[in-house]
file input_7.cif (mmCIF, C-alpha atoms and all ligand atoms)
data_protein
#
loop_
_atom_site.label_atom_id
_atom_site.label_comp_id
_atom_site.auth_asym_id
_atom_site.auth_seq_id
_atom_site.Cartn_x
_atom_site.Cartn_y
_atom_site.Cartn_z
CA MET A 296 97.71 79.19 95.24
CA THR A 297 96.16 82.39 93.80
CA THR A 298 95.72 85.84 95.35
CA ASP A 299 94.85 89.33 94.02
CA VAL A 300 98.12 90.85 95.19
CA LEU A 301 101.31 89.06 96.19
CA ILE A 302 103.76 91.14 98.21
CA ILE A 303 107.33 89.93 98.46
CA GLY A 304 108.97 91.20 101.66
CA GLY A 305 107.67 91.64 105.19
CA GLY A 306 109.39 94.80 106.39
CA VAL A 307 107.42 97.96 107.16
CA ILE A 308 107.01 98.66 103.45
CA GLY A 309 105.55 95.25 102.55
CA LEU A 310 103.37 95.09 105.66
CA ALA A 311 102.03 98.65 105.39
CA THR A 312 101.23 98.16 101.70
CA ALA A 313 99.52 94.82 102.38
CA ILE A 314 97.30 96.40 105.04
CA GLU A 315 96.33 99.33 102.81
CA LEU A 316 95.44 97.00 99.93
CA LYS A 317 93.47 94.65 102.17
CA LEU A 318 91.53 97.61 103.60
CA ARG A 319 90.71 98.49 99.96
CA SER A 320 89.17 95.01 99.56
CA HIS A 321 91.93 93.11 97.75
CA SER A 322 92.96 89.62 98.76
CA VAL A 323 96.61 89.93 99.77
CA THR A 324 99.43 87.48 100.50
CA ILE A 325 102.86 88.37 101.87
CA ILE A 326 105.87 86.11 101.42
CA VAL A 327 108.71 86.86 103.80
CA ARG A 328 112.05 85.18 104.27
CA ASP A 329 112.77 86.50 107.75
CA PHE A 330 111.06 89.29 109.67
CA LEU A 331 113.97 89.84 112.05
CA SER A 332 116.77 90.32 109.51
CA GLY A 333 115.11 93.28 107.76
CA ALA A 334 116.17 96.90 108.14
CA SER A 335 112.77 97.57 109.72
CA HIS A 336 113.80 95.56 112.79
CA ALA A 337 117.25 97.19 112.93
CA ALA A 338 116.30 100.85 112.52
CA ALA A 339 116.17 103.69 115.03
CA GLY A 340 112.62 104.72 114.11
CA MET A 341 113.28 108.44 113.77
CA LEU A 342 110.69 110.37 111.80
CA ALA A 343 113.19 112.99 110.85
CA PRO A 344 112.81 114.61 107.43
CA VAL A 345 114.02 117.95 108.78
CA ALA A 346 116.76 116.71 111.12
CA GLU A 347 118.09 114.46 108.33
CA GLN A 348 118.34 117.68 106.23
CA ILE A 349 116.67 116.25 103.16
CA PRO A 350 117.02 118.98 100.52
CA PRO A 351 113.89 120.69 99.12
CA GLY A 352 112.29 118.71 96.28
CA ALA A 353 110.13 115.66 95.66
CA MET A 354 111.82 113.54 98.35
CA LEU A 355 111.26 116.16 101.05
CA GLU A 356 107.64 116.49 99.87
CA LEU A 357 107.19 112.71 100.13
CA CYS A 358 108.78 112.61 103.60
CA MET A 359 106.69 115.54 104.90
CA LEU A 360 103.50 113.93 103.57
CA SER A 361 104.36 110.73 105.38
CA ARG A 362 105.23 112.47 108.64
CA GLN A 363 101.85 114.17 108.47
CA LEU A 364 100.12 110.79 108.06
CA TYR A 365 101.93 109.17 110.98
CA SER A 366 99.70 110.03 113.91
CA ASP A 367 96.42 108.87 112.30
CA TRP A 368 98.08 105.90 110.63
CA THR A 369 99.61 104.55 113.85
CA SER A 370 96.31 105.13 115.70
CA LYS A 371 94.57 102.98 113.08
CA ILE A 372 97.20 100.22 113.31
CA GLU A 373 97.05 100.33 117.13
CA HIS A 374 93.26 100.19 117.11
CA ILE A 375 93.11 97.15 114.81
CA SER A 376 96.06 95.27 116.33
CA GLY A 377 95.52 96.19 119.97
CA LEU A 378 99.29 96.82 120.20
CA SER A 379 101.28 100.00 120.79
CA THR A 380 103.59 101.31 118.05
CA GLY A 381 105.51 103.64 120.35
CA TYR A 382 104.73 106.66 118.12
CA TRP A 383 106.05 109.68 120.02
CA ASN A 384 105.83 113.22 118.73
CA CYS A 385 108.84 114.13 120.88
CA GLY A 386 110.75 116.53 118.63
CA ILE A 387 114.41 116.26 117.67
CA LEU A 388 117.21 118.38 119.10
CA ALA A 389 120.37 118.68 116.97
CA PRO A 390 123.21 119.92 119.20
CA VAL A 391 126.32 121.21 117.39
CA TYR A 392 129.88 121.91 118.52
CA GLU A 393 130.11 124.80 116.05
CA LYS A 394 127.25 126.85 114.58
CA ILE A 395 126.74 126.39 110.82
CA SER A 396 123.47 127.86 109.53
CA ARG A 397 120.56 125.63 108.53
CA ASN A 398 117.27 126.40 106.82
CA ASN A 399 113.88 126.21 108.49
CA ALA A 400 115.16 125.55 111.97
CA GLN A 401 114.95 127.24 115.32
CA TRP A 402 118.36 128.03 116.88
CA LEU A 403 118.80 127.58 120.63
CA ASP A 404 121.95 129.16 122.08
CA LYS A 405 124.12 127.36 124.64
CA SER A 406 122.05 128.34 127.66
CA ALA A 407 118.68 127.70 125.96
CA THR A 408 120.03 124.32 124.84
CA SER A 409 121.06 123.30 128.33
CA GLN A 410 117.68 124.37 129.69
CA HIS A 411 116.01 122.32 126.99
CA GLN A 412 118.27 119.30 127.57
CA PRO A 413 120.45 119.22 130.70
CA ASN A 414 123.78 117.35 130.90
CA LEU A 415 124.88 117.68 127.28
CA SER A 416 128.61 118.01 126.59
CA SER A 417 130.14 121.32 127.70
CA GLU A 418 131.55 121.51 124.13
CA VAL A 419 128.03 122.00 122.70
CA ALA A 420 127.75 125.53 121.27
CA GLY A 421 123.99 125.44 120.79
CA SER A 422 121.39 123.39 118.95
CA TRP A 423 118.76 123.33 116.24
CA TRP A 424 115.29 122.36 117.44
CA TYR A 425 112.92 120.43 115.15
CA PRO A 426 109.64 120.22 117.10
CA GLU A 427 107.68 118.47 114.31
CA ASP A 428 110.09 115.56 113.88
CA GLY A 429 109.65 112.58 116.18
CA GLN A 430 109.95 108.82 116.43
CA VAL A 431 108.18 105.50 116.41
CA ASP A 432 109.44 102.30 118.06
CA ASN A 433 110.14 100.48 114.79
CA ARG A 434 110.15 97.02 116.42
CA ALA A 435 106.83 97.68 118.14
CA LEU A 436 105.51 99.10 114.86
CA THR A 437 106.56 96.00 112.92
CA ASN A 438 104.88 93.73 115.49
CA ALA A 439 101.71 95.83 115.40
CA LEU A 440 101.70 95.82 111.58
CA GLN A 441 102.03 92.02 111.53
CA ALA A 442 99.20 91.63 114.05
CA CYS A 443 97.04 94.12 112.16
CA ALA A 444 97.66 92.35 108.83
CA ILE A 445 96.71 88.99 110.32
CA ALA A 446 93.63 90.46 112.05
CA ILE A 447 92.21 91.82 108.78
CA GLY A 448 92.91 88.64 106.82
CA VAL A 449 96.22 89.19 105.01
CA ILE A 450 97.85 85.78 104.49
CA ILE A 451 101.48 85.68 105.60
CA GLN A 452 103.87 82.96 104.48
CA ASP A 453 106.77 83.33 106.92
CA LYS A 454 110.22 81.71 106.51
CA VAL A 455 109.63 81.38 102.77
CA THR A 456 111.92 82.90 100.13
CA VAL A 457 110.88 83.85 96.62
CA LYS A 458 113.57 82.35 94.37
CA SER A 459 112.49 83.90 91.07
CA PHE A 460 109.70 85.45 89.04
CA ILE A 461 108.13 83.60 86.14
CA TYR A 462 107.55 85.92 83.16
CA GLU A 463 105.52 85.81 79.99
CA GLN A 464 106.61 88.73 77.79
CA ASN A 465 106.10 91.90 79.87
CA ARG A 466 103.94 90.23 82.50
CA VAL A 467 104.73 88.29 85.68
CA THR A 468 102.73 85.07 85.81
CA GLY A 469 103.98 83.63 89.10
CA VAL A 470 106.80 83.19 91.61
CA CYS A 471 108.82 80.12 92.59
CA THR A 472 109.49 79.74 96.28
CA THR A 473 111.77 77.71 98.52
CA THR A 474 108.80 75.54 99.49
CA ASN A 475 108.56 74.60 95.79
CA ASP A 476 105.13 76.21 95.55
CA LEU A 477 104.14 78.20 92.50
CA ILE A 478 102.14 81.24 93.56
CA HIS A 479 100.07 83.21 91.09
CA ALA A 480 98.58 86.68 91.48
CA GLU A 481 96.96 89.42 89.44
CA HIS A 482 99.52 91.84 90.77
CA TYR A 483 102.95 91.60 92.43
CA VAL A 484 104.76 94.09 94.70
CA LEU A 485 108.52 93.92 95.22
CA ALA A 486 109.27 95.11 98.78
CA THR A 487 112.46 93.20 99.47
CA GLY A 488 114.60 96.13 100.70
CA ALA A 489 118.36 95.70 100.44
CA TRP A 490 117.91 92.23 98.84
CA SER A 491 115.94 93.51 95.82
CA GLN A 492 118.71 92.70 93.31
CA GLU A 493 118.28 88.99 94.05
CA LEU A 494 115.03 89.13 92.10
CA LEU A 495 115.35 92.05 89.69
CA PRO A 496 118.32 93.96 88.21
CA ILE A 497 117.61 97.28 89.93
CA PRO A 498 120.29 99.37 91.65
CA VAL A 499 119.52 98.78 95.31
CA HIS A 500 122.51 97.87 97.46
CA PRO A 501 123.04 97.33 101.20
CA LYS A 502 124.45 100.12 103.36
CA LYS A 503 125.24 98.57 106.72
CA GLY A 504 124.34 100.33 109.97
CA GLN A 505 125.57 99.17 113.37
CA MET A 506 123.58 100.12 116.46
CA LEU A 507 123.49 99.52 120.20
CA SER A 508 121.19 100.23 123.10
CA VAL A 509 121.55 100.96 126.80
CA ARG A 510 118.83 100.86 129.44
CA VAL A 511 118.04 103.70 131.77
CA THR A 512 117.60 102.69 135.37
CA ASP A 513 116.44 106.13 136.68
CA LYS A 514 112.77 106.54 137.57
CA GLU A 515 112.39 109.53 135.25
CA LEU A 516 113.60 109.43 131.63
CA PRO A 517 116.74 111.60 131.36
CA LEU A 518 116.08 112.31 127.67
CA LYS A 519 112.68 113.48 126.43
CA GLN A 520 113.57 114.06 122.79
CA VAL A 521 115.82 112.54 120.16
CA LEU A 522 119.39 113.94 120.01
CA PHE A 523 120.68 114.16 116.45
CA GLY A 524 124.40 114.97 116.42
CA SER A 525 126.82 114.87 113.53
CA ASP A 526 127.49 111.17 112.80
CA ILE A 527 125.56 110.07 115.89
CA TYR A 528 121.98 109.95 117.10
CA ILE A 529 120.54 109.03 120.48
CA VAL A 530 116.90 107.94 120.59
CA PRO A 531 115.21 107.54 123.99
CA ARG A 532 112.22 105.17 124.13
CA THR A 533 109.45 105.57 126.67
CA ASP A 534 110.22 102.08 128.04
CA GLY A 535 113.70 103.21 129.23
CA ARG A 536 115.80 101.94 126.32
CA ILE A 537 118.12 104.41 124.61
CA ILE A 538 119.04 103.54 121.02
CA ILE A 539 122.42 104.76 119.75
CA GLY A 540 123.26 104.76 116.05
CA ALA A 541 124.52 104.37 113.53
CA THR A 542 127.44 103.54 111.29
CA SER A 543 127.07 103.78 107.52
CA GLU A 544 129.28 101.22 105.78
CA ASP A 545 129.75 99.91 102.25
CA VAL A 546 130.63 96.33 103.16
CA GLY A 547 127.94 94.43 101.24
CA PHE A 548 126.01 91.99 103.44
CA THR A 549 128.94 91.43 105.85
CA PRO A 550 127.21 90.60 109.15
CA HIS A 551 128.11 91.32 112.81
CA ASN A 552 129.05 94.23 115.00
CA THR A 553 132.70 95.24 114.93
CA PRO A 554 134.89 96.71 117.68
CA ALA A 555 135.61 99.70 115.40
CA GLY A 556 131.91 100.30 114.79
CA MET A 557 131.04 100.07 118.47
CA GLN A 558 133.98 102.25 119.50
CA LEU A 559 132.93 104.97 117.05
CA LEU A 560 129.33 104.97 118.28
CA LEU A 561 130.23 104.90 121.98
CA GLN A 562 132.86 107.61 121.63
CA GLN A 563 130.57 110.00 119.74
CA ALA A 564 127.54 109.28 121.92
CA ILE A 565 129.40 109.74 125.23
CA ARG A 566 131.01 112.93 123.91
CA LEU A 567 127.58 114.37 123.09
CA TYR A 568 125.72 113.12 126.17
CA PRO A 569 128.20 112.06 128.90
CA PRO A 570 125.64 110.44 131.30
CA LEU A 571 125.35 107.58 128.77
CA GLN A 572 128.70 106.17 129.92
CA ASN A 573 127.14 104.82 133.11
CA TYR A 574 124.07 103.01 131.79
CA PRO A 575 124.12 99.22 131.29
CA ILE A 576 124.55 98.15 127.68
CA GLU A 577 121.59 96.04 126.59
CA GLU A 578 122.11 94.99 122.99
CA PHE A 579 124.26 95.37 119.84
CA TRP A 580 122.89 94.77 116.35
CA TRP A 581 123.24 95.72 112.73
CA GLY A 582 121.06 96.07 109.64
CA PHE A 583 121.20 96.82 105.94
CA ARG A 584 119.65 100.01 104.57
CA PRO A 585 118.29 99.60 101.04
CA ALA A 586 120.35 102.30 99.28
CA THR A 587 120.05 103.56 95.70
CA PRO A 588 122.61 105.61 93.73
CA ASP A 589 120.65 108.87 94.22
CA GLU A 590 119.41 107.94 97.73
CA LEU A 591 115.76 108.16 96.61
CA PRO A 592 113.35 105.21 96.77
CA ILE A 593 112.18 103.29 93.70
CA LEU A 594 108.39 103.43 93.65
CA GLY A 595 105.69 102.47 91.18
CA ALA A 596 106.00 100.93 87.72
CA SER A 597 108.52 98.26 86.73
CA PRO A 598 109.38 96.83 83.28
CA TYR A 599 106.47 94.38 83.88
CA PHE A 600 103.00 95.84 83.83
CA ASN A 601 101.71 93.85 86.83
CA LEU A 602 104.82 94.22 89.01
CA THR A 603 105.05 97.33 91.20
CA LEU A 604 108.25 98.42 92.94
CA ALA A 605 108.40 99.62 96.56
CA THR A 606 112.05 99.51 97.52
CA GLY A 607 115.22 101.57 98.04
CA HIS A 608 113.94 103.61 100.99
CA TYR A 609 117.51 103.93 102.31
CA ARG A 610 117.64 106.00 105.57
CA ASN A 611 113.95 106.88 105.74
CA GLY A 612 111.87 103.75 105.17
CA ILE A 613 110.24 103.81 108.60
CA LEU A 614 109.18 107.41 108.01
CA LEU A 615 108.01 106.65 104.47
CA ALA A 616 105.89 103.55 105.24
CA PRO A 617 102.43 105.19 105.34
CA VAL A 618 102.85 107.34 102.23
CA THR A 619 104.42 104.42 100.31
CA ALA A 620 101.48 102.18 101.24
CA ASN A 621 98.99 104.77 99.96
CA LEU A 622 100.84 105.45 96.71
CA ILE A 623 101.41 101.78 95.90
CA ALA A 624 97.78 100.91 96.67
CA ASP A 625 96.78 103.79 94.34
CA VAL A 626 98.98 102.41 91.53
CA ILE A 627 97.38 98.97 91.87
CA ASN A 628 93.96 100.63 91.73
CA ASN A 629 95.02 102.51 88.55
CA LYS A 630 95.28 105.91 90.24
CA THR A 631 98.40 107.83 89.29
CA SER A 632 100.24 110.50 91.25
CA SER A 633 102.61 113.04 89.69
CA LEU A 634 104.84 112.68 92.77
CA LEU A 635 105.68 109.11 91.70
CA GLU A 636 107.38 110.33 88.50
CA HIS A 637 110.40 111.34 90.58
CA PHE A 638 110.84 107.84 91.94
CA HIS A 639 110.46 105.84 88.68
CA TYR A 640 113.05 103.05 88.17
CA SER A 641 113.80 104.30 84.63
CA ARG A 642 115.76 107.29 86.00
CA PHE A 643 118.73 104.91 86.29
CA TYR A 644 118.64 103.85 82.63
CA SER A 645 119.27 106.23 79.75
P1 LIG B 701 113.25 95.52 105.14
O1 LIG B 701 112.76 95.96 106.45
O2 LIG B 701 114.71 95.24 105.00
O3 LIG B 701 112.41 94.27 104.72
C1 LIG B 701 112.71 93.51 103.57
C2 LIG B 701 112.03 92.19 103.76
O4 LIG B 701 112.11 91.44 102.56
C3 LIG B 701 112.66 91.34 104.85
O5 LIG B 701 111.62 90.86 105.66
C4 LIG B 701 113.32 90.19 104.07
O6 LIG B 701 113.37 88.98 104.80
C5 LIG B 701 112.38 90.09 102.90
N1 LIG B 701 112.96 89.48 101.69
C6 LIG B 701 114.06 89.86 101.01
N2 LIG B 701 114.24 89.09 99.93
C7 LIG B 701 113.22 88.18 99.93
C8 LIG B 701 112.84 87.11 99.07
N3 LIG B 701 113.54 86.82 97.97
N4 LIG B 701 111.74 86.37 99.37
C9 LIG B 701 111.00 86.67 100.49
N5 LIG B 701 111.32 87.69 101.33
C10 LIG B 701 112.41 88.43 101.06
N6 LIG B 701 114.47 104.71 108.59
C11 LIG B 701 113.78 105.72 109.18
O7 LIG B 701 112.78 106.19 108.64
N7 LIG B 701 114.17 106.21 110.38
C12 LIG B 701 115.29 105.75 111.03
O8 LIG B 701 115.62 106.22 112.12
C13 LIG B 701 116.03 104.73 110.43
N8 LIG B 701 117.13 104.23 111.03
C14 LIG B 701 117.81 103.21 110.47
C15 LIG B 701 118.93 102.68 111.13
C16 LIG B 701 119.59 101.58 110.61
C17 LIG B 701 120.78 101.02 111.33
C18 LIG B 701 119.12 100.98 109.43
C19 LIG B 701 119.80 99.75 108.88
C20 LIG B 701 118.04 101.51 108.74
C21 LIG B 701 117.38 102.65 109.25
N9 LIG B 701 116.29 103.23 108.60
C22 LIG B 701 115.58 104.22 109.18
C23 LIG B 701 115.92 102.79 107.26
C24 LIG B 701 114.75 101.82 107.31
O9 LIG B 701 114.98 100.86 108.30
C25 LIG B 701 114.56 101.14 105.95
O10 LIG B 701 114.52 102.09 104.91
C26 LIG B 701 113.23 100.37 105.96
O11 LIG B 701 113.17 99.52 107.08
C27 LIG B 701 113.09 99.55 104.68
O12 LIG B 701 111.96 98.75 104.84
P2 LIG B 701 111.66 97.57 103.82
O13 LIG B 701 110.39 96.96 104.23
O14 LIG B 701 111.81 98.09 102.43
O15 LIG B 701 112.90 96.59 103.99
N1 LIG B 702 117.86 107.36 109.44
C1 LIG B 702 118.89 106.92 110.27
C2 LIG B 702 119.78 105.91 109.71
O1 LIG B 702 119.52 105.42 108.64
O2 LIG B 702 120.75 105.58 110.33
#

call {"tool": "encode", "arguments": {"input": "input_7.cif", "output": "structure tokens"}}
result
Amino acid sequence: MTTDVLIIGGGVIGLATAIELKLRSHSVTIIVRDFLSGASHAAAGMLAPVAEQIPPGAMLELCMLSRQLYSDWTSKIEHISGLSTGYWNCGILAPVYEKISRNNAQWLDKSATSQHQPNLSSEVAGSWWYPEDGQVDNRALTNALQACAIAIGVIIQDKVTVKSFIYEQNRVTGVCTTTNDLIHAEHYVLATGAWSQELLPIPVHPKKGQMLSVRVTDKELPLKQVLFGSDIYIVPRTDGRIIIGATSEDVGFTPHNTPAGMQLLLQQAIRLYPPLQNYPIEEFWWGFRPATPDELPILGASPYFNLTLATGHYRNGILLAPVTANLIADVINNKTSSLLEHFHYSRFYS
């Protein structure tokens, strides 16, 4: 089989890039081992460059660009797929137990905080308000991206694993898959998240995050914005789910939720927002963030001239999907961006 561009990985990064390339008239194939095991399915979906306190620099610039693209980008995906993405420009409130100053944020004192969000812990001293941050329902987004990709003619090979690249000098000539097919393309994109080292020696490693959700039974949603505490976040969805996350663990690809992980999340979440203790628990899950040593993604060129890297998005891959798709599609169309220099794989090799 032959295609213009072969994308390995079907998380938000692979799907968003495939759609952008297809809309720019390339023939595109995605190979994906398992949609549901990716970080994109596990995430909280916060669009939170400011709440996550990303320091000023190229990464913050990349994140802000992507946040700016989100509204139009999700409208386009929703229009083509006919499915909602759950994009919600709801703002993020960061309550604190003790005031420590932060840049570029609006401080709400204790009484303004409780007016803004009733029923927070009485220990809360005040909060920082980030009105421009928001959220998307990452599972709904992934479904909509899949439907959109299929609708515009991207070919998806699901439940197939790429075992290895075939190289000829500094060029990739094909991939071997678990179905024993050889697939050839003009260009290849590596978007395999935390599993990237299986195919290429680049420093991306898994950082496990455990999560859980409860379901609100009240008629009106008790939370109308994301709560971003220290070591805990609480993300209300419009459908009544409340997502609570997340641990951050260096345990390789060790699966499962643990009692210690769940205890930590429940303790911190109930401390911050006590009404949570009474809602029915709906689900527990975990996922693997694709982390790099400097916590920045690896984007653009690789040691092979027709292999482009789109991996290592760590804590912000949902946020960074639209800007990554644009930049990677630009690279494949021979357009360069100075922003990409900061995310080049060679920064890890002297
Ligand atoms: P993934 O979604 O992991 O997709 C990788 C894909 O590659 C998978 O489909 C996998 O099956 C496939 N694959 C791997 N190897 C192969 C192979 N050899 N052959 C074929 N297919 C292969 N980000 C935010 O912006 N906001 C958040 O609030 C947020 N919360 C998070 C909470 C948790 C608990 C976690 C774990 C992550 C969170 N993230 C968040 C980070 C975000 O989820 C990731 O950065 C993003 O999903 C990475 O997307 P991806 O497409 O690169 O990887
Ligand atoms: N961005 C939230 C997380 O990675 O847990």

call {"tool": "residues_around", "arguments": {"input": "input_7.cif", "residues": "range 628-633 of chain A", "least_positions_apart": "6", "cutoff": "12 Å", "atoms": "only C-alpha atoms", "output": "list in words"}}
result
Asp299, Val300, Glu315, Leu316, Arg319, Ser320, His321, Ala353, Glu356, Leu357, Glu481, His482, Leu594, Gly595, Ala596, Phe600, Asn601, Thr603, Val618, Thr619, Asn621, Leu622 and His639 of chain A

call {"tool": "residues_near_ligand", "arguments": {"input": "input_7.cif", "ligand": "ligand LIG 701 (chain B)", "cutoff": "7 Å", "atoms": "only C-alpha atoms and all ligand atoms", "output": "PDB file with C-alpha atoms, in the coordinates of the input"}}
result
ATOM      1  CA  ILE A 303     107.330  89.930  98.460  1.00  0.00           C
ATOM      2  CA  GLY A 304     108.970  91.200 101.660  1.00  0.00           C
ATOM      3  CA  GLY A 305     107.670  91.640 105.190  1.00  0.00           C
ATOM      4  CA  GLY A 306     109.390  94.800 106.390  1.00  0.00           C
ATOM      5  CA  VAL A 307     107.420  97.960 107.160  1.00  0.00           C
ATOM      6  CA  ILE A 308     107.010  98.660 103.450  1.00  0.00           C
ATOM      7  CA  GLY A 309     105.550  95.250 102.550  1.00  0.00           C
ATOM      8  CA  ILE A 326     105.870  86.110 101.420  1.00  0.00           C
ATOM      9  CA  VAL A 327     108.710  86.860 103.800  1.00  0.00           C
ATOM     10  CA  ARG A 328     112.050  85.180 104.270  1.00  0.00           C
ATOM     11  CA  ASP A 329     112.770  86.500 107.750  1.00  0.00           C
ATOM     12  CA  PHE A 330     111.060  89.290 109.670  1.00  0.00           C
ATOM     13  CA  LEU A 331     113.970  89.840 112.050  1.00  0.00           C
ATOM     14  CA  SER A 332     116.770  90.320 109.510  1.00  0.00           C
ATOM     15  CA  GLY A 333     115.110  93.280 107.760  1.00  0.00           C
ATOM     16  CA  ALA A 334     116.170  96.900 108.140  1.00  0.00           C
ATOM     17  CA  SER A 335     112.770  97.570 109.720  1.00  0.00           C
ATOM     18  CA  HIS A 336     113.800  95.560 112.790  1.00  0.00           C
ATOM     19  CA  ALA A 337     117.250  97.190 112.930  1.00  0.00           C
ATOM     20  CA  ALA A 338     116.300 100.850 112.520  1.00  0.00           C
ATOM     21  CA  ALA A 339     116.170 103.690 115.030  1.00  0.00           C
ATOM     22  CA  GLY A 340     112.620 104.720 114.110  1.00  0.00           C
ATOM     23  CA  MET A 341     113.280 108.440 113.770  1.00  0.00           C
ATOM     24  CA  LEU A 342     110.690 110.370 111.800  1.00  0.00           C
ATOM     25  CA  ALA A 343     113.190 112.990 110.850  1.00  0.00           C
ATOM     26  CA  VAL A 455     109.630  81.380 102.770  1.00  0.00           C
ATOM     27  CA  THR A 456     111.920  82.900 100.130  1.00  0.00           C
ATOM     28  CA  VAL A 457     110.880  83.850  96.620  1.00  0.00           C
ATOM     29  CA  LYS A 458     113.570  82.350  94.370  1.00  0.00           C
ATOM     30  CA  ALA A 486     109.270  95.110  98.780  1.00  0.00           C
ATOM     31  CA  THR A 487     112.460  93.200  99.470  1.00  0.00           C
ATOM     32  CA  GLY A 488     114.600  96.130 100.700  1.00  0.00           C
ATOM     33  CA  ALA A 489     118.360  95.700 100.440  1.00  0.00           C
ATOM     34  CA  TRP A 490     117.910  92.230  98.840  1.00  0.00           C
ATOM     35  CA  SER A 491     115.940  93.510  95.820  1.00  0.00           C
ATOM     36  CA  GLU A 493     118.280  88.990  94.050  1.00  0.00           C
ATOM     37  CA  LEU A 494     115.030  89.130  92.100  1.00  0.00           C
ATOM     38  CA  LYS A 503     125.240  98.570 106.720  1.00  0.00           C
ATOM     39  CA  GLY A 504     124.340 100.330 109.970  1.00  0.00           C
ATOM     40  CA  GLN A 505     125.570  99.170 113.370  1.00  0.00           C
ATOM     41  CA  MET A 506     123.580 100.120 116.460  1.00  0.00           C
ATOM     42  CA  GLY A 540     123.260 104.760 116.050  1.00  0.00           C
ATOM     43  CA  ALA A 541     124.520 104.370 113.530  1.00  0.00           C
ATOM     44  CA  TRP A 581     123.240  95.720 112.730  1.00  0.00           C
ATOM     45  CA  GLY A 582     121.060  96.070 109.640  1.00  0.00           C
ATOM     46  CA  PHE A 583     121.200  96.820 105.940  1.00  0.00           C
ATOM     47  CA  ARG A 584     119.650 100.010 104.570  1.00  0.00           C
ATOM     48  CA  PRO A 585     118.290  99.600 101.040  1.00  0.00           C
ATOM     49  CA  ALA A 605     108.400  99.620  96.560  1.00  0.00           C
ATOM     50  CA  THR A 606     112.050  99.510  97.520  1.00  0.00           C
ATOM     51  CA  GLY A 607     115.220 101.570  98.040  1.00  0.00           C
ATOM     52  CA  HIS A 608     113.940 103.610 100.990  1.00  0.00           C
ATOM     53  CA  TYR A 609     117.510 103.930 102.310  1.00  0.00           C
ATOM     54  CA  ARG A 610     117.640 106.000 105.570  1.00  0.00           C
ATOM     55  CA  ASN A 611     113.950 106.880 105.740  1.00  0.00           C
ATOM     56  CA  GLY A 612     111.870 103.750 105.170  1.00  0.00           C
ATOM     57  CA  ILE A 613     110.240 103.810 108.600  1.00  0.00           C
ATOM     58  CA  LEU A 614     109.180 107.410 108.010  1.00  0.00           C
ATOM     59  CA  LEU A 615     108.010 106.650 104.470  1.00  0.00           C
TER      60      LEU A 615
END

call {"tool": "residues_around", "arguments": {"input": "input_7.cif", "residues": "range 398-406 of chain A", "least_positions_apart": "6", "cutoff": "12 Å", "atoms": "all atoms listed in the file", "output": "PyMOL selection string"}}
result
chain A and resi 344-346+348-351+386-392+412-428

call {"tool": "closest_residue", "arguments": {"input": "input_7.cif", "among": "A:Arg536, A:Met557, A:Ala313, A:Thr380", "to": "Ile451 in chain A", "atoms": "all atoms listed in the file"}}
result
A:Ala313

call {"tool": "axis_aligned_box", "arguments": {"input": "input_7.cif", "around": "ligand LIG 702 (chain B)", "padding_each_side": "4 Å", "output": "lines of an AutoDock Vina configuration file"}}
result
center_x = 119.3
center_y = 106.4
center_z = 109.5
size_x = 10.9
size_y = 9.9
size_z = 9.7

call {"tool": "atom_distance", "arguments": {"input": "input_7.cif", "atom1": "CA of Ser543 in chain A", "atom2": "CA of Glu347 in chain A"}}
result
14.0 Å

call {"tool": "atom_distance", "arguments": {"input": "input_7.cif", "atom1": "CA of Thr369 in chain A", "atom2": "CA of Leu436 in chain A"}}
result
8.1 Å

call {"tool": "closest_residue", "arguments": {"input": "input_7.cif", "among": "A:Pro588, A:Gly535, A:Pro498, A:Gly429", "to": "ligand LIG 702 (chain B)", "atoms": "all atoms listed in the file"}}
result
A:Gly429

call {"tool": "closest_residue", "arguments": {"input": "input_7.cif", "among": "A:Ile497, A:Met354, A:Ala407, A:Cys443", "to": "Pro598 in chain A", "atoms": "all atoms listed in the file"}}
result
A:Ile497

call {"tool": "atom_distance", "arguments": {"input": "input_7.cif", "atom1": "CA of Tyr382 in chain A", "atom2": "CA of Val484 in chain A"}}
result
26.6 Å

call {"tool": "closest_residue", "arguments": {"input": "input_7.cif", "among": "A:Ser597, A:Ile450, A:Asp589, A:Arg362", "to": "Pro496 in chain A", "atoms": "only C-alpha atoms"}}
result
A:Ser597

call {"tool": "closest_residue", "arguments": {"input": "input_7.cif", "among": "A:Thr298, A:Lys454, A:Gln410, A:Glu515", "to": "Thr474 in chain A", "atoms": "all atoms listed in the file"}}
result
A:Lys454

call {"tool": "residues_around", "arguments": {"input": "input_7.cif", "residues": "Leu571 in chain A", "least_positions_apart": "6", "cutoff": "10 Å", "atoms": "all atoms listed in the file", "output": "JSON list (two decimals) with C-alpha atoms, in the frame of the given file"}}
result
[["chain", "number", "residue", "atom", "x", "y", "z"],
["A", 509, "VAL", "CA", 121.55, 100.96, 126.80],
["A", 510, "ARG", "CA", 118.83, 100.86, 129.44],
["A", 511, "VAL", "CA", 118.04, 103.70, 131.77],
["A", 517, "PRO", "CA", 116.74, 111.60, 131.36],
["A", 529, "ILE", "CA", 120.54, 109.03, 120.48],
["A", 537, "ILE", "CA", 118.12, 104.41, 124.61],
["A", 539, "ILE", "CA", 122.42, 104.76, 119.75],
["A", 561, "LEU", "CA", 130.23, 104.90, 121.98],
["A", 564, "ALA", "CA", 127.54, 109.28, 121.92],
["A", 565, "ILE", "CA", 129.40, 109.74, 125.23]]

call {"tool": "closest_residue", "arguments": {"input": "input_7.cif", "among": "A:Lys502, A:Arg397, A:Arg434, A:His551", "to": "Phe579 in chain A", "atoms": "all atoms listed in the file"}}
result
A:His551
